[in-house]
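So this one's work_18.pdb, PDB, C-alpha atoms:
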ATOM      1  CA  MET A   1     141.425 -97.886   4.806
ATOM      2  CA  ASN A   2     144.679 -99.775   4.186
ATOM      3  CA  PHE A   3     146.469 -97.309   6.431
ATOM      4  CA  LEU A   4     144.195 -98.245   9.358
ATOM      5  CA  LEU A   5     144.616-101.963   8.762
ATOM      6  CA  ASP A   6     148.372-101.719   8.300
ATOM      7  CA  ASN A   7     148.882 -99.597  11.424
ATOM      8  CA  TRP A   8     146.252-100.944  13.800
ATOM      9  CA  ILE A   9     148.818-101.653  16.518
ATOM     10  CA  TRP A  10     149.976 -98.010  16.551
ATOM     11  CA  LEU A  11     146.411 -96.725  16.648
ATOM     12  CA  LEU A  12     145.606 -99.056  19.529
ATOM     13  CA  THR A  13     148.736 -97.908  21.369
ATOM     14  CA  ALA A  14     147.810 -94.240  20.873
ATOM     15  CA  ALA A  15     144.262 -94.836  22.157
ATOM     16  CA  ALA A  16     145.522 -96.718  25.224
ATOM     17  CA  SER A  17     148.048 -93.978  25.946
ATOM     18  CA  GLY A  18     145.380 -91.275  25.744
ATOM     19  CA  GLY A  19     143.127 -93.262  28.046
ATOM     20  CA  ALA A  20     145.934 -93.681  30.565
ATOM     21  CA  LEU A  21     146.451 -89.906  30.606
ATOM     22  CA  LEU A  22     142.748 -89.241  31.233
ATOM     23  CA  LEU A  23     142.232 -91.922  33.891
ATOM     24  CA  PRO A  24     143.795 -90.048  36.857
ATOM     25  CA  MET A  25     141.742 -86.960  36.095
ATOM     26  CA  LEU A  26     138.506 -88.967  36.034
ATOM     27  CA  GLY A  27     139.401 -90.678  39.307
ATOM     28  CA  LYS A  28     139.730 -87.336  41.101
ATOM     29  CA  GLY A  29     136.442 -85.875  39.902
ATOM     30  CA  GLY A  30     138.194 -83.889  37.189
ATOM     31  CA  ALA A  31     140.202 -81.933  39.744
ATOM     32  CA  ASN A  32     143.696 -80.693  39.110
ATOM     33  CA  ALA A  33     146.076 -82.778  41.188
ATOM     34  CA  ILE A  34     149.057 -80.759  42.378
ATOM     35  CA  SER A  35     152.266 -81.767  44.117
ATOM     36  CA  PRO A  36     153.089 -80.530  47.618
ATOM     37  CA  ALA A  37     155.674 -78.117  46.134
ATOM     38  CA  GLU A  38     153.066 -76.687  43.744
ATOM     39  CA  ALA A  39     150.648 -76.325  46.672
ATOM     40  CA  VAL A  40     153.218 -74.337  48.672
ATOM     41  CA  GLN A  41     153.787 -72.011  45.717
ATOM     42  CA  MET A  42     150.047 -71.562  45.282
ATOM     43  CA  ILE A  43     149.599 -70.787  48.993
ATOM     44  CA  ASN A  44     152.451 -68.258  48.998
ATOM     45  CA  ARG A  45     151.897 -66.577  45.628
ATOM     46  CA  GLU A  46     148.157 -66.827  45.004
ATOM     47  CA  LYS A  47     146.815 -66.893  48.582
ATOM     48  CA  ALA A  48     145.281 -70.344  48.078
ATOM     49  CA  VAL A  49     142.982 -71.573  50.836
ATOM     50  CA  VAL A  50     143.759 -75.072  52.156
ATOM     51  CA  ILE A  51     140.692 -77.104  53.104
ATOM     52  CA  ASP A  52     141.268 -80.376  54.980
ATOM     53  CA  VAL A  53     138.324 -82.742  54.424
ATOM     54  CA  CYS A  54     139.494 -85.324  57.007
ATOM     55  CA  GLU A  55     137.443 -86.117  60.095
ATOM     56  CA  SER A  56     138.145 -84.013  63.199
ATOM     57  CA  ALA A  57     140.367 -86.625  64.888
ATOM     58  CA  GLU A  58     142.539 -86.970  61.770
ATOM     59  CA  PHE A  59     142.769 -83.185  61.457
ATOM     60  CA  SER A  60     143.865 -82.857  65.098
ATOM     61  CA  ALA A  61     146.574 -85.486  64.583
ATOM     62  CA  GLY A  62     148.244 -83.339  61.938
ATOM     63  CA  HIS A  63     147.367 -80.983  59.101
ATOM     64  CA  VAL A  64     148.845 -78.399  56.748
ATOM     65  CA  ILE A  65     149.638 -75.209  58.662
ATOM     66  CA  GLY A  66     146.743 -72.789  58.291
ATOM     67  CA  ALA A  67     144.349 -75.381  56.847
ATOM     68  CA  ARG A  68     140.648 -75.117  57.596
ATOM     69  CA  SER A  69     138.917 -78.256  58.852
ATOM     70  CA  VAL A  70     135.790 -79.058  56.850
ATOM     71  CA  PRO A  71     134.946 -82.777  57.061
ATOM     72  CA  LEU A  72     133.714 -84.205  53.760
ATOM     73  CA  ALA A  73     130.228 -84.908  55.153
ATOM     74  CA  THR A  74     129.734 -81.229  56.109
ATOM     75  CA  LEU A  75     131.284 -79.680  53.011
ATOM     76  CA  GLU A  76     128.097 -78.541  51.252
ATOM     77  CA  GLY A  77     126.711 -76.506  54.148
ATOM     78  CA  SER A  78     130.024 -75.215  55.461
ATOM     79  CA  LYS A  79     130.705 -71.539  56.096
ATOM     80  CA  SER A  80     134.476 -72.242  56.174
ATOM     81  CA  LEU A  81     134.847 -72.214  52.400
ATOM     82  CA  PRO A  82     136.160 -68.908  51.035
ATOM     83  CA  THR A  83     133.465 -66.452  49.979
ATOM     84  CA  ASN A  84     135.699 -65.240  47.127
ATOM     85  CA  LYS A  85     135.114 -68.059  44.643
ATOM     86  CA  THR A  86     138.025 -66.998  42.419
ATOM     87  CA  LEU A  87     140.617 -67.831  45.096
ATOM     88  CA  PRO A  88     142.394 -71.149  44.540
ATOM     89  CA  VAL A  89     141.244 -73.936  46.850
ATOM     90  CA  VAL A  90     143.579 -76.819  47.720
ATOM     91  CA  LEU A  91     141.760 -79.855  49.106
ATOM     92  CA  VAL A  92     143.630 -82.221  51.421
ATOM     93  CA  CYS A  93     142.828 -85.515  53.131
ATOM     94  CA  ALA A  94     144.898 -88.406  54.450
ATOM     95  CA  SER A  95     145.686 -89.974  51.056
ATOM     96  CA  GLY A  96     143.963 -87.860  48.402
ATOM     97  CA  ALA A  97     140.904 -90.061  47.812
ATOM     98  CA  ARG A  98     138.351 -88.044  49.848
ATOM     99  CA  ALA A  99     139.776 -84.784  48.552
ATOM    100  CA  GLY A 100     139.191 -86.031  45.015
ATOM    101  CA  ARG A 101     135.526 -86.651  45.824
ATOM    102  CA  ALA A 102     135.273 -83.299  47.599
ATOM    103  CA  ALA A 103     136.562 -81.468  44.501
ATOM    104  CA  ALA A 104     133.351 -82.150  42.588
ATOM    105  CA  THR A 105     131.291 -80.744  45.479
ATOM    106  CA  VAL A 106     133.427 -77.608  45.828
ATOM    107  CA  ARG A 107     133.267 -77.025  42.083
ATOM    108  CA  LYS A 108     129.475 -77.462  42.197
ATOM    109  CA  LEU A 109     129.372 -74.743  44.883
ATOM    110  CA  GLY A 110     130.863 -72.342  42.336
ATOM    111  CA  HIS A 111     134.585 -72.316  43.105
ATOM    112  CA  GLN A 112     136.622 -71.933  39.929
ATOM    113  CA  HIS A 113     140.151 -73.032  40.895
ATOM    114  CA  VAL A 114     139.913 -76.345  42.741
ATOM    115  CA  HIS A 115     143.008 -78.504  43.289
ATOM    116  CA  VAL A 116     143.683 -81.784  45.082
ATOM    117  CA  LEU A 117     146.969 -82.370  46.915
ATOM    118  CA  GLN A 118     148.632 -85.446  45.401
ATOM    119  CA  GLY A 119     149.139 -88.093  48.059
ATOM    120  CA  GLY A 120     147.241 -86.083  50.661
ATOM    121  CA  MET A 121     148.873 -85.576  54.057
ATOM    122  CA  ALA A 122     151.057 -88.629  53.448
ATOM    123  CA  GLY A 123     152.536 -86.885  50.403
ATOM    124  CA  TRP A 124     152.888 -83.626  52.347
ATOM    125  CA  ARG A 125     154.820 -85.382  55.127
ATOM    126  CA  ALA A 126     156.931 -87.335  52.620
ATOM    127  CA  ALA A 127     157.974 -84.020  51.067
ATOM    128  CA  GLY A 128     159.246 -82.927  54.487
ATOM    129  CA  LEU A 129     156.822 -80.024  54.772
ATOM    130  CA  PRO A 130     155.674 -78.707  58.179
ATOM    131  CA  VAL A 131     152.645 -80.176  59.915
ATOM    132  CA  GLU A 132     150.572 -78.507  62.620
ATOM    133  CA  LYS A 133     148.730 -80.418  65.355
ATOM    134  CA  SER A 134     145.600 -79.275  67.165
ATOM    135  CA  ALA A 135     144.950 -79.844  70.838
TER
END
In structure tokens, write the structure found in this file.
Amino acid sequence: MNFLLDNWIWLLTAAASGGALLLPMLGKGGANAISPAEAVQMINREKAVVIDVCESAEFSAGHVIGARSVPLATLEGSKSLPTNKTLPVVLVCASGARAGRAAATVRKLGHQHVHVLQGGMAGWRAAGLPVEKSA
């Protein structure tokens, strides 16, 4: 008991640190956030499927090359999700917020490896990675 009283500041610091580590994961629906470089590796090595959950106009303005457009509102009934539920899925939106919400839905649909692109398309562009535009 004396140990707890004598070291309360360290215990409080440890608890706050642990909470800070868990907070980003809770904010993204428990999805694994990955950097643009990690996403490229996953696409090239593991045949990850990129799903862009932006609205159609945002998707047309610029998206990851080869991404499938599945707006967040249509995600549950979409036939564009991969039928092989063991393939990695990388979710993308403009900033990462919608993709974080979409991750819970995709996981609920049975997909095992769901990832959210950190920073969304803004992070992708900032990393200098190629962007494709639709007509």
Once the PyMOL selection byres ((chain A and resi 89) around 7) has been evaluated on this model, what residues remain selected, and can you format them as a JSON list (two decimals) with C-alpha atoms, keeping the file's coordinate frame?
[["chain", "number", "residue", "atom", "x", "y", "z"],
["A", 48, "ALA", "CA", 145.28, -70.34, 48.08],
["A", 49, "VAL", "CA", 142.98, -71.57, 50.84],
["A", 50, "VAL", "CA", 143.76, -75.07, 52.16],
["A", 87, "LEU", "CA", 140.62, -67.83, 45.10],
["A", 88, "PRO", "CA", 142.39, -71.15, 44.54],
["A", 90, "VAL", "CA", 143.58, -76.82, 47.72],
["A", 91, "LEU", "CA", 141.76, -79.86, 49.11],
["A", 113, "HIS", "CA", 140.15, -73.03, 40.90],
["A", 114, "VAL", "CA", 139.91, -76.34, 42.74],
["A", 115, "HIS", "CA", 143.01, -78.50, 43.29]]
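Distance check against Glu132 (chain A) using all atoms listed in the file: of A:Ser60, A:Asn2, A:Ser35, A:Gln41, the minimum falls on A:Ser60.
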Return as CSV the residues of region 7-108 of chain A lying at most 6 Å from region 119-129 of chain A, together with the closest atom-to-atom pair for each and the distance in Å to one decimal, counting only C-alpha atoms, with rows in chain order and ascending residue number.
residue,atom,partner,partner_atom,distance
A:Pro36,CA,A:Trp124,CA,5.7
A:Val92,CA,A:Gly120,CA,5.3
A:Cys93,CA,A:Gly120,CA,5.1
A:Ala94,CA,A:Met121,CA,4.9
A:Ser95,CA,A:Gly120,CA,4.2
A:Gly96,CA,A:Gly120,CA,4.4
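For the residues A:Asn7, A:Asn32, A:Thr83, A:Ser17, ranking by smallest atom-to-atom distance to Ala104 (chain A) using all atoms listed in the file places A:Asn32 first.
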- Task: Excluding region 61-78 of chain A and any residue of its chain fewer than 4 positions from it, enumerate the residues within 6 Å of it, using all atoms listed in the file, and give them as a ChimeraX atom specification.
- Result: /A:50-55,131-133
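Relative to CA of Ser80 (chain A), CA of Pro130 (chain A) is found at 22.3 Å.
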